[in-house]
$ cat run_17.txt   # compact mmCIF, C-alpha atoms
# COMPACT_ATOMS: atom_id res chain seq x y z
CA MET A 43 40.53 67.02 86.75
CA LYS A 44 39.68 70.76 86.68
CA LYS A 45 40.04 70.98 82.92
CA LYS A 46 37.75 68.02 82.34
CA GLY A 47 34.80 68.53 84.61
CA SER A 48 31.72 70.60 85.08
CA LYS A 49 30.75 71.65 88.63
CA GLU A 50 28.60 68.51 88.92
CA LEU A 51 31.54 66.25 88.08
CA MET A 52 33.82 68.13 90.44
CA ASP A 53 31.28 67.84 93.24
CA LYS A 54 31.07 64.09 92.68
CA ALA A 55 34.86 63.84 92.71
CA ASP A 56 34.97 65.76 96.00
CA ILE A 57 32.43 63.36 97.53
CA LEU A 58 34.42 60.31 96.40
CA LEU A 59 37.72 61.77 97.62
CA ALA A 60 36.16 62.60 100.99
CA GLU A 61 35.03 58.98 101.40
CA ILE A 62 38.45 57.73 100.35
CA ARG A 63 40.09 59.91 103.00
CA THR A 64 37.67 58.58 105.62
CA LEU A 65 38.22 54.92 104.71
CA ALA A 66 41.97 55.09 104.02
CA GLN A 67 43.21 55.57 107.56
CA SER A 68 45.76 52.76 107.12
CA PRO A 69 47.98 51.85 104.13
CA PHE A 70 46.30 50.23 101.15
CA SER A 71 48.09 49.18 97.95
CA ILE A 72 46.08 48.88 94.73
CA MET A 73 47.35 47.63 91.38
CA GLU A 74 45.68 48.87 88.21
CA VAL A 75 45.99 46.03 85.74
CA CYS A 76 45.05 47.95 82.58
CA GLY A 77 47.36 50.33 80.76
CA THR A 78 44.44 52.63 79.99
CA HIS A 79 43.92 52.99 83.75
CA THR A 80 47.59 53.88 84.13
CA VAL A 81 47.28 56.65 81.55
CA ALA A 82 44.04 58.00 83.07
CA ILE A 83 45.56 58.03 86.57
CA ALA A 84 48.61 59.95 85.38
CA LYS A 85 46.67 62.31 83.10
CA ASN A 86 44.25 63.30 85.87
CA ALA A 87 46.93 63.47 88.60
CA LEU A 88 44.97 61.02 90.74
CA ARG A 89 48.03 59.93 92.70
CA GLU A 90 48.50 63.52 93.82
CA LEU A 91 44.83 63.83 94.83
CA LEU A 92 44.72 60.65 96.91
CA PRO A 93 45.83 60.45 100.55
CA LYS A 94 49.36 59.18 101.15
CA THR A 95 47.99 55.94 102.58
CA ILE A 96 46.76 54.91 99.12
CA ARG A 97 49.47 53.49 96.90
CA LEU A 98 48.62 52.96 93.24
CA ILE A 99 50.86 50.47 91.43
CA SER A 100 50.93 50.01 87.66
CA GLY A 101 50.81 46.40 86.50
CA PRO A 102 51.25 44.40 83.28
CA GLY A 103 48.33 46.03 81.51
CA CYS A 104 49.99 47.07 78.26
CA PRO A 105 50.01 44.23 75.68
CA VAL A 106 52.80 45.84 73.67
CA CYS A 107 54.95 46.21 76.79
CA VAL A 108 54.59 42.60 77.97
CA THR A 109 55.54 41.15 74.58
CA ASP A 110 58.77 39.27 75.17
CA ASN A 111 61.97 40.28 73.36
CA SER A 112 62.08 36.85 71.74
CA ASP A 113 58.68 37.42 70.12
CA ILE A 114 59.75 40.86 68.91
CA ASP A 115 62.89 39.45 67.28
CA ARG A 116 60.74 36.71 65.76
CA TYR A 117 58.37 39.08 63.99
CA LEU A 118 61.26 41.32 62.93
CA TYR A 119 62.86 38.26 61.32
CA LEU A 120 59.58 37.57 59.49
CA ALA A 121 59.15 41.20 58.41
CA ALA A 122 62.58 41.14 56.77
CA GLN A 123 61.68 38.19 54.51
CA PRO A 124 61.04 38.84 50.81
CA ASN A 125 57.47 39.13 49.61
CA VAL A 126 56.11 39.61 53.15
CA MET A 127 53.88 42.56 54.03
CA THR A 128 53.82 43.08 57.79
CA VAL A 129 50.62 44.66 59.02
CA THR A 130 50.33 46.06 62.53
CA PHE A 131 48.87 48.68 64.83
CA GLY A 132 50.91 51.87 65.18
CA ASP A 133 52.27 51.15 68.67
CA MET A 134 54.41 48.31 67.36
CA ILE A 135 56.37 50.30 64.79
CA ARG A 136 59.03 51.64 67.16
CA VAL A 137 59.21 48.81 69.71
CA PRO A 138 62.90 47.87 69.81
CA GLY A 139 64.12 44.36 69.20
CA THR A 140 67.64 43.20 69.91
CA LYS A 141 69.04 45.11 66.93
CA LYS A 142 66.26 46.96 65.09
CA ASN A 143 62.59 47.86 65.03
CA LEU A 144 59.90 47.78 62.33
CA GLN A 145 60.42 51.43 61.48
CA GLU A 146 64.08 50.83 60.70
CA LEU A 147 63.23 47.75 58.66
CA ARG A 148 60.73 49.79 56.66
CA ALA A 149 63.41 52.40 55.99
CA GLU A 150 65.57 49.58 54.62
CA GLY A 151 62.84 48.50 52.22
CA ALA A 152 60.66 46.07 54.17
CA ASP A 153 56.93 46.35 53.44
CA VAL A 154 55.44 47.40 56.80
CA ARG A 155 51.92 48.85 56.96
CA VAL A 156 50.01 50.43 59.85
CA VAL A 157 46.29 49.66 60.08
CA TYR A 158 43.45 50.52 62.43
CA SER A 159 41.62 47.19 62.31
CA THR A 160 41.88 43.61 61.12
CA GLN A 161 39.40 44.51 58.38
CA ASP A 162 42.06 46.84 56.98
CA ALA A 163 44.52 43.93 57.08
CA LEU A 164 42.11 41.68 55.18
CA ALA A 165 41.61 44.42 52.59
CA LEU A 166 45.36 44.63 52.04
CA ALA A 167 45.50 40.86 51.50
CA ARG A 168 42.72 41.06 48.91
CA GLN A 169 44.41 43.99 47.16
CA ASN A 170 47.86 42.34 47.10
CA PRO A 171 47.33 38.68 46.09
CA SER A 172 51.01 38.23 45.22
CA LYS A 173 52.11 39.28 48.74
CA GLU A 174 52.04 37.32 51.99
CA VAL A 175 50.16 39.63 54.34
CA VAL A 176 50.91 38.92 58.01
CA PHE A 177 48.99 40.62 60.78
CA LEU A 178 50.84 40.92 64.10
CA GLY A 179 48.36 39.70 66.69
CA ILE A 180 49.26 41.49 69.90
CA GLY A 181 46.69 42.23 72.57
CA PHE A 182 44.60 40.90 75.43
CA GLU A 183 41.12 39.41 75.28
CA THR A 184 39.73 42.80 74.25
CA THR A 185 41.09 42.64 70.70
CA VAL A 186 41.25 38.88 70.19
CA PRO A 187 37.65 38.46 68.91
CA THR A 188 38.28 40.77 65.95
CA VAL A 189 41.40 38.81 65.04
CA ALA A 190 39.48 35.52 65.34
CA VAL A 191 36.82 36.90 63.02
CA SER A 192 39.46 37.95 60.47
CA ILE A 193 40.88 34.41 60.42
CA GLU A 194 37.38 32.96 60.03
CA ILE A 195 36.69 35.35 57.12
CA ALA A 196 40.02 34.49 55.46
CA LYS A 197 39.18 30.79 55.72
CA ARG A 198 35.69 31.30 54.32
CA GLU A 199 37.01 33.38 51.40
CA GLY A 200 39.98 31.12 50.75
CA LEU A 201 42.27 34.08 51.30
CA SER A 202 45.45 32.04 51.39
CA ASN A 203 47.89 34.98 51.45
CA TYR A 204 46.58 36.24 54.83
CA SER A 205 47.93 34.97 58.15
CA VAL A 206 48.27 36.02 61.77
CA LEU A 207 51.31 35.78 64.02
CA SER A 208 49.56 35.29 67.34
CA MET A 209 51.29 36.81 70.35
CA HIS A 210 48.01 37.33 72.20
CA LYS A 211 47.88 37.02 75.96
CA VAL A 212 45.11 36.48 78.50
CA VAL A 213 44.80 38.21 81.86
CA PRO A 214 43.71 35.60 84.48
CA PRO A 215 46.99 33.60 84.51
CA VAL A 216 49.13 36.69 85.04
CA LEU A 217 46.84 37.79 87.88
CA LYS A 218 47.48 34.41 89.53
CA MET A 219 51.23 34.90 89.11
CA LEU A 220 51.02 38.36 90.69
CA ALA A 221 48.97 37.05 93.61
CA GLU A 222 51.62 34.40 94.30
CA ASP A 223 54.62 36.75 93.97
CA ASP A 224 56.17 37.22 97.41
CA GLN A 225 58.05 40.32 96.24
CA LEU A 226 54.88 42.19 95.37
CA VAL A 227 52.70 43.63 98.12
CA VAL A 228 49.25 44.39 96.70
CA ASP A 229 46.05 44.47 98.72
CA ALA A 230 43.54 44.80 95.87
CA PHE A 231 43.16 45.24 92.13
CA LEU A 232 41.44 47.63 89.75
CA ASP A 233 40.50 45.04 87.13
CA PRO A 234 40.43 45.89 83.41
CA GLY A 235 37.02 47.02 82.22
CA HIS A 236 37.51 46.23 78.52
CA VAL A 237 38.94 42.75 79.13
CA CYS A 238 36.13 41.89 81.55
CA SER A 239 33.55 43.17 79.06
CA ILE A 240 34.66 40.15 76.98
CA ILE A 241 35.45 37.44 79.55
CA GLY A 242 33.18 38.56 82.40
CA THR A 243 34.14 38.21 86.05
CA GLY A 244 34.01 34.42 86.35
CA PRO A 245 37.61 33.80 85.20
CA ILE A 246 39.00 36.19 87.85
CA GLU A 247 36.78 35.28 90.81
CA PHE A 248 39.60 33.07 92.11
CA MET A 249 41.60 36.17 93.04
CA ALA A 250 39.09 37.07 95.76
CA LYS A 251 38.16 33.53 96.79
CA ASP A 252 41.57 31.81 96.76
CA TYR A 253 43.98 34.67 97.46
CA GLY A 254 41.86 37.17 99.37
CA LYS A 255 42.58 39.88 96.79
CA PRO A 256 39.42 41.88 96.12
CA GLY A 257 38.93 43.46 92.74
CA VAL A 258 36.69 46.01 91.07
CA VAL A 259 36.16 45.97 87.31
CA THR A 260 36.58 49.67 86.61
CA GLY A 261 35.95 52.12 83.78
CA PHE A 262 38.46 54.60 82.43
CA GLU A 263 37.23 58.06 83.42
CA ALA A 264 38.74 59.73 86.47
CA LEU A 265 35.46 59.36 88.35
CA ASP A 266 35.29 55.67 87.44
CA ILE A 267 38.69 55.10 88.97
CA LEU A 268 37.89 57.07 92.13
CA GLU A 269 34.66 55.10 92.53
CA GLY A 270 36.55 51.84 91.99
CA ILE A 271 38.94 52.80 94.80
CA VAL A 272 35.99 53.64 97.08
CA MET A 273 34.43 50.23 96.36
CA LEU A 274 37.70 48.47 97.23
CA LEU A 275 38.04 50.43 100.47
CA ARG A 276 34.45 49.61 101.39
CA GLN A 277 35.23 45.93 100.94
CA ARG A 278 38.17 46.25 103.30
CA SER A 279 36.17 48.13 105.92
CA GLU A 280 33.39 45.51 105.74
CA GLY A 281 35.78 42.54 105.80
CA ARG A 282 34.79 41.36 102.33
CA SER A 283 36.84 40.00 99.43
CA GLU A 284 34.85 39.97 96.20
CA ILE A 285 35.04 40.85 92.52
CA GLU A 286 32.64 43.71 91.88
CA ILE A 287 31.77 45.72 88.78
CA GLN A 288 31.94 49.49 88.77
CA TYR A 289 31.91 49.63 84.94
CA GLN A 290 28.31 48.45 84.70
CA ARG A 291 27.54 50.53 81.63
CA VAL A 292 29.75 48.14 79.62
CA ALA A 293 30.85 45.08 81.62
CA ARG A 294 28.62 42.20 82.72
CA ALA A 295 29.38 39.26 84.99
CA GLU A 296 28.82 36.84 82.10
CA GLY A 297 30.94 38.86 79.66
CA ASN A 298 30.20 38.68 75.94
CA PRO A 299 29.22 35.09 75.09
CA HIS A 300 29.41 35.66 71.32
CA ALA A 301 32.94 37.08 71.51
CA LYS A 302 34.07 34.26 73.83
CA GLN A 303 32.66 31.71 71.39
CA PHE A 304 34.75 33.13 68.54
CA ILE A 305 37.90 33.16 70.67
CA GLU A 306 37.43 29.52 71.68
CA LYS A 307 36.65 28.46 68.13
CA VAL A 308 39.84 29.88 66.59
CA PHE A 309 42.33 29.97 69.47
CA GLU A 310 43.54 27.61 72.18
CA PRO A 311 45.46 28.33 75.41
CA ILE A 312 49.24 27.90 75.27
CA ASP A 313 52.18 28.59 77.57
CA THR A 314 53.90 31.82 76.65
CA PHE A 315 56.63 34.18 77.79
CA TRP A 316 55.92 37.63 79.26
CA ARG A 317 58.53 40.37 79.42
CA GLY A 318 60.11 40.41 82.85
CA MET A 319 57.91 37.57 84.11
CA GLY A 320 59.11 34.55 82.19
CA LEU A 321 56.98 31.63 81.08
CA ILE A 322 53.41 31.75 82.40
CA PRO A 323 51.39 28.56 81.79
CA GLN A 324 48.28 28.83 79.62
CA SER A 325 48.62 32.61 79.39
CA GLY A 326 48.86 32.86 75.61
CA LEU A 327 46.60 32.06 72.68
CA GLY A 328 47.74 29.89 69.79
CA ILE A 329 45.80 29.36 66.58
CA ARG A 330 44.04 26.01 66.47
CA GLU A 331 45.12 23.37 63.98
CA ASP A 332 41.85 23.72 62.01
CA TYR A 333 43.03 27.23 61.12
CA GLY A 334 46.71 26.32 60.72
CA ALA A 335 46.83 27.61 57.13
CA TRP A 336 46.35 31.13 58.55
CA ASP A 337 48.89 30.73 61.37
CA ALA A 338 52.05 32.61 60.34
CA ALA A 339 54.23 30.67 62.80
CA ARG A 340 53.28 27.39 61.09
CA LYS A 341 53.11 28.80 57.58
CA PHE A 342 56.63 30.22 57.63
CA ALA A 343 58.12 27.61 60.00
CA LEU A 344 59.45 30.48 62.12
CA PRO A 345 62.45 29.73 64.32
CA VAL A 346 62.27 30.26 68.07
CA PHE A 347 64.46 33.09 69.35
CA HIS A 348 66.03 33.26 72.80
CA SER A 349 66.63 36.99 73.13
CA GLN A 350 67.87 38.80 76.21
CA GLU A 351 66.49 41.96 77.79
CA THR A 352 68.13 45.23 76.77
CA PRO A 353 70.94 45.98 79.27
CA GLY A 354 69.86 48.56 81.83
CA CYS A 355 66.17 48.47 80.88
CA ARG A 356 63.94 47.72 83.87
CA CYS A 357 60.65 47.37 82.00
CA GLY A 358 60.16 43.92 83.49
CA GLU A 359 60.23 45.25 87.05
CA VAL A 360 57.92 48.12 86.11
CA LEU A 361 55.43 45.66 84.61
CA LYS A 362 55.47 43.53 87.78
CA GLY A 363 54.83 46.60 89.91
CA LEU A 364 58.12 46.23 91.76
CA ILE A 365 59.41 49.70 90.85
CA TYR A 366 57.97 52.96 89.58
CA PRO A 367 59.14 54.05 86.10
CA THR A 368 61.11 56.93 87.61
CA GLU A 369 63.23 54.41 89.53
CA CYS A 370 64.71 53.08 86.30
CA PRO A 371 68.11 54.76 85.76
CA LEU A 372 67.35 55.16 82.04
CA PHE A 373 64.03 56.98 82.55
CA ALA A 374 64.00 60.41 80.86
CA ARG A 375 67.78 60.37 80.57
CA HIS A 376 68.59 57.70 78.01
CA CYS A 377 65.04 56.44 77.42
CA THR A 378 62.40 58.86 76.11
CA PRO A 379 59.33 58.51 73.86
CA MET A 380 61.38 59.80 70.93
CA LYS A 381 64.31 57.46 71.63
CA PRO A 382 62.87 54.55 73.61
CA VAL A 383 65.06 51.81 75.03
CA GLY A 384 62.16 49.65 76.19
CA PRO A 385 58.54 49.14 75.11
CA CYS A 386 57.06 50.74 78.25
CA MET A 387 58.25 54.07 76.85
CA VAL A 388 56.91 53.33 73.33
CA SER A 389 53.30 52.30 73.75
CA THR A 390 50.61 54.88 74.40
CA GLU A 391 49.50 52.62 77.27
CA GLY A 392 53.02 52.09 78.63
CA SER A 393 53.67 53.05 82.26
CA CYS A 394 56.93 54.82 81.44
CA ALA A 395 55.35 56.83 78.62
CA ALA A 396 52.47 57.86 80.91
CA TYR A 397 54.83 58.95 83.68
CA HIS A 398 57.02 60.81 81.21
CA ARG A 399 54.12 62.66 79.63
CA TYR A 400 51.99 63.50 82.64
CA SER A 401 54.03 63.12 85.83
CA GLN A 402 56.90 65.06 87.34
CA ARG A 403 59.74 64.88 84.82
CA SER A 404 62.60 65.31 87.29
CA VAL A 405 64.42 62.12 88.19
CA ASP A 406 67.21 63.71 90.21

$ encode --input "run_17.txt" --output "C-alpha cells"
Amino acid sequence: MKKKGSKELMDKADILLAEIRTLAQSPFSIMEVCGTHTVAIAKNALRELLPKTIRLISGPGCPVCVTDNSDIDRYLYLAAQPNVMTVTFGDMIRVPGTKKNLQELRAEGADVRVVYSTQDALALARQNPSKEVVFLGIGFETTVPTVAVSIEIAKREGLSNYSVLSMHKVVPPVLKMLAEDDQLVVDAFLDPGHVCSIIGTGPIEFMAKDYGKPGVVTGFEALDILEGIVMLLRQRSEGRSEIEIQYQRVARAEGNPHAKQFIEKVFEPIDTFWRGMGLIPQSGLGIREDYGAWDAARKFALPVFHSQETPGCRCGEVLKGLIYPTECPLFARHCTPMKPVGPCMVSTEGSCAAYHRYSQRSVD
C-alpha cells in the first residue's frame, strides 16, 4: 500500500480501514471470487491490514486453475497430433496434465504457440493454411466474447483450418454450488468486476435473494477492495442482502448487451467438470451446432478422458475456499512456481502463486 499511494490515497485507505474496524466487531467471512482480487489482496497485504474478525477466502476465480485434469489431458492429446498447431495464452504452457504439459510437448516437437489475443490466433491460421490451428478456449465470461467473435470471423472468411476447443466456464452456477456447500462458511462475496462488466448483476441476484449472501461487484485496486468490504459490512449492519456495484466506472447492472449477444449466438450452456468441484450443471459453454465446423472437439472427434487429481495436490480444496494454500503439504516444498504440481501455482491468478509470491513464505 505505501509504495503505491500518494498521501490522498493513503488518507482514503485510512478512512476505509477505520470504518471497517468500526463495523467488524463480530466475525465476517468474505470470499473473493476473482483471481485478480486474490492477487491484489496478497500484493497489497490487505489481510494483514484488516482486523482479525474479517476473514478473506479465495475462491474459484482462476479459469486456468479450475480447468479439470480430464480437459487438460484432452488438449494435450490434441496438441500431440500431427499437423496440429496449438495456440494458447501463456498461463497454459506449464499447467501439468497427468504425464506432461504443453511446454514439454513443444520440446518434443509439437507446434505450440503463445498468443495475446484471438486475433493473433486467426492470423496464424491465415498464415499457415496447411496446418490445423486450434485455439484453447479457457476463461470466464470476460474473455468469451472475443473467442465468439473469432469463430464468427472464421466462419465468414471460410477459414476452415481454425477451430476452438471450448473449455469456457460461467460464474453464476459455481456461485450457487458454493452457496449450497455445507462445508464452506461464507457470509458475503466480492463479486468479479470484469465478469459482471459482461453479464451484469442480474444473473447473480439470486445469491442475495435466495441464499441471503450479499455481494459487491468490486474493482481491482486496493482501495476498490477495501471499499467493497465496507459496502458488505454496511449491508450487514443495516440488515440488508443485496448485490451492489462498487466498480461503477466499468460495470453496469445490465452488463454489456452486445457482448452477451455474441456469446449467446455462438455458445450454449453445457454441464462441465470443475477441478475439485466435480460436474456443475450448465456451468460450461459449448459451441453451437451452427458453428460445429469450428469446434475442435467435434472436428477431431476427441475422446473423453477420465483423469485423476495429482496425488497430494489440494488445489481443489483451495479453489473451494476450504483451505488456505499454505495448508497444502506440497506448498513451497514440493510445489513452487518454477516446479508446479498443480495449476494454482502456475497461473498468474492462482491462489497458491499469489501466496507464494506475496505472502509469508514459511510453512513450518

$ residues_near_point --input "run_17.txt" --point "(33.2, 60.8, 96.2)" --cutoff "12 Å" --atoms "all atoms listed in the file" --output "PyMOL selection string"
chain A and resi 50-65+92+264-273

$ closest_residue --input "run_17.txt" --among "A:Ile114, A:Cys76, A:Ile305, A:Ala339" --to "A:Thr185" --atoms "all atoms listed in the file"
A:Ile305

$ closest_residue --input "run_17.txt" --among "A:Gly354, A:Pro371, A:Pro69, A:Gly254" --to "A:Ala230" --atoms "only C-alpha atoms"
A:Gly254

$ residues_around --input "run_17.txt" --residues "A:Lys173" --least-positions-apart "4" --cutoff "7 Å" --atoms "only C-alpha atoms" --output "compact mmCIF listing (two decimals) with C-alpha atoms, in the coordinates of the input"
# COMPACT_ATOMS: atom_id res chain seq x y z
CA ASN A 125 57.47 39.13 49.61
CA VAL A 126 56.11 39.61 53.15
CA MET A 127 53.88 42.56 54.03
CA ASN A 203 47.89 34.98 51.45

$ closest_residue --input "run_17.txt" --among "A:Val129, A:Ser48, A:Thr140, A:Val308" --to "A:Leu166" --atoms "all atoms listed in the file"
A:Val129

$ decode --input "run_17.txt" --residues "stretch 168-179 of chain A" --atoms "all heavy atoms" --output "compact mmCIF listing (two decimals), in the first residue's frame"
# COMPACT_ATOMS: atom_id res chain seq x y z
N ARG A 168 -4.47 -17.99 -40.91
CA ARG A 168 -4.36 -17.45 -42.27
C ARG A 168 -2.97 -17.68 -42.85
O ARG A 168 -2.80 -17.96 -44.04
CB ARG A 168 -4.68 -15.95 -42.27
CG ARG A 168 -6.10 -15.61 -41.86
CD ARG A 168 -6.35 -14.11 -42.01
NE ARG A 168 -7.61 -13.72 -41.41
CZ ARG A 168 -7.73 -13.07 -40.24
NH1 ARG A 168 -6.63 -12.74 -39.57
NH2 ARG A 168 -8.92 -12.74 -39.77
N GLN A 169 -1.95 -17.55 -41.98
CA GLN A 169 -0.56 -17.68 -42.43
C GLN A 169 -0.11 -19.13 -42.62
O GLN A 169 0.90 -19.38 -43.28
CB GLN A 169 0.36 -17.01 -41.41
CG GLN A 169 0.18 -15.50 -41.30
CD GLN A 169 0.73 -14.94 -40.00
OE1 GLN A 169 1.44 -15.63 -39.25
NE2 GLN A 169 0.42 -13.68 -39.71
N ASN A 170 -0.87 -20.07 -42.06
CA ASN A 170 -0.49 -21.49 -42.10
C ASN A 170 -1.67 -22.33 -42.60
O ASN A 170 -2.22 -23.14 -41.85
CB ASN A 170 -0.05 -21.96 -40.72
CG ASN A 170 1.17 -21.23 -40.21
OD1 ASN A 170 2.30 -21.63 -40.48
ND2 ASN A 170 0.94 -20.15 -39.45
N PRO A 171 -2.05 -22.16 -43.86
CA PRO A 171 -3.25 -22.85 -44.38
C PRO A 171 -3.14 -24.37 -44.37
O PRO A 171 -4.16 -25.06 -44.39
CB PRO A 171 -3.38 -22.30 -45.80
CG PRO A 171 -2.01 -21.82 -46.16
CD PRO A 171 -1.42 -21.32 -44.89
N SER A 172 -1.92 -24.90 -44.33
CA SER A 172 -1.76 -26.36 -44.33
C SER A 172 -1.81 -26.95 -42.92
O SER A 172 -1.76 -28.17 -42.75
CB SER A 172 -0.44 -26.74 -45.00
OG SER A 172 0.66 -26.22 -44.27
N LYS A 173 -1.90 -26.09 -41.91
CA LYS A 173 -1.94 -26.53 -40.51
C LYS A 173 -3.35 -26.40 -39.95
O LYS A 173 -4.10 -25.49 -40.32
CB LYS A 173 -0.99 -25.68 -39.66
CG LYS A 173 0.47 -26.05 -39.82
CD LYS A 173 0.90 -26.94 -38.66
CE LYS A 173 2.40 -27.13 -38.64
NZ LYS A 173 2.83 -27.95 -37.49
N GLU A 174 -3.70 -27.29 -39.02
CA GLU A 174 -4.92 -27.14 -38.24
C GLU A 174 -4.58 -26.31 -37.00
O GLU A 174 -3.85 -26.77 -36.12
CB GLU A 174 -5.48 -28.51 -37.84
CG GLU A 174 -6.08 -29.30 -38.99
CD GLU A 174 -7.39 -28.70 -39.47
OE1 GLU A 174 -7.97 -27.85 -38.75
OE2 GLU A 174 -7.85 -29.07 -40.58
N VAL A 175 -5.09 -25.10 -36.95
CA VAL A 175 -4.79 -24.19 -35.85
C VAL A 175 -5.92 -24.26 -34.82
O VAL A 175 -7.07 -23.93 -35.14
CB VAL A 175 -4.60 -22.75 -36.36
CG1 VAL A 175 -4.38 -21.79 -35.19
CG2 VAL A 175 -3.44 -22.69 -37.35
N VAL A 176 -5.59 -24.70 -33.62
CA VAL A 176 -6.60 -24.89 -32.57
C VAL A 176 -6.31 -23.94 -31.41
O VAL A 176 -5.24 -23.99 -30.79
CB VAL A 176 -6.60 -26.34 -32.04
CG1 VAL A 176 -7.67 -26.51 -30.95
CG2 VAL A 176 -6.84 -27.32 -33.19
N PHE A 177 -7.28 -23.08 -31.14
CA PHE A 177 -7.16 -22.16 -30.01
C PHE A 177 -7.78 -22.81 -28.78
O PHE A 177 -8.91 -23.31 -28.82
CB PHE A 177 -7.86 -20.84 -30.32
CG PHE A 177 -7.81 -19.85 -29.18
CD1 PHE A 177 -6.66 -19.12 -28.93
CD2 PHE A 177 -8.91 -19.65 -28.35
CE1 PHE A 177 -6.60 -18.21 -27.88
CE2 PHE A 177 -8.86 -18.75 -27.31
CZ PHE A 177 -7.71 -18.03 -27.07
N LEU A 178 -7.05 -22.80 -27.66
CA LEU A 178 -7.56 -23.37 -26.41
C LEU A 178 -8.40 -22.32 -25.70
O LEU A 178 -7.87 -21.34 -25.16
CB LEU A 178 -6.40 -23.83 -25.51
CG LEU A 178 -5.47 -24.89 -26.11
CD1 LEU A 178 -4.44 -25.33 -25.07
CD2 LEU A 178 -6.25 -26.09 -26.62
N GLY A 179 -9.71 -22.53 -25.71
CA GLY A 179 -10.64 -21.56 -25.14
C GLY A 179 -10.83 -21.80 -23.65
O GLY A 179 -11.67 -22.62 -23.25
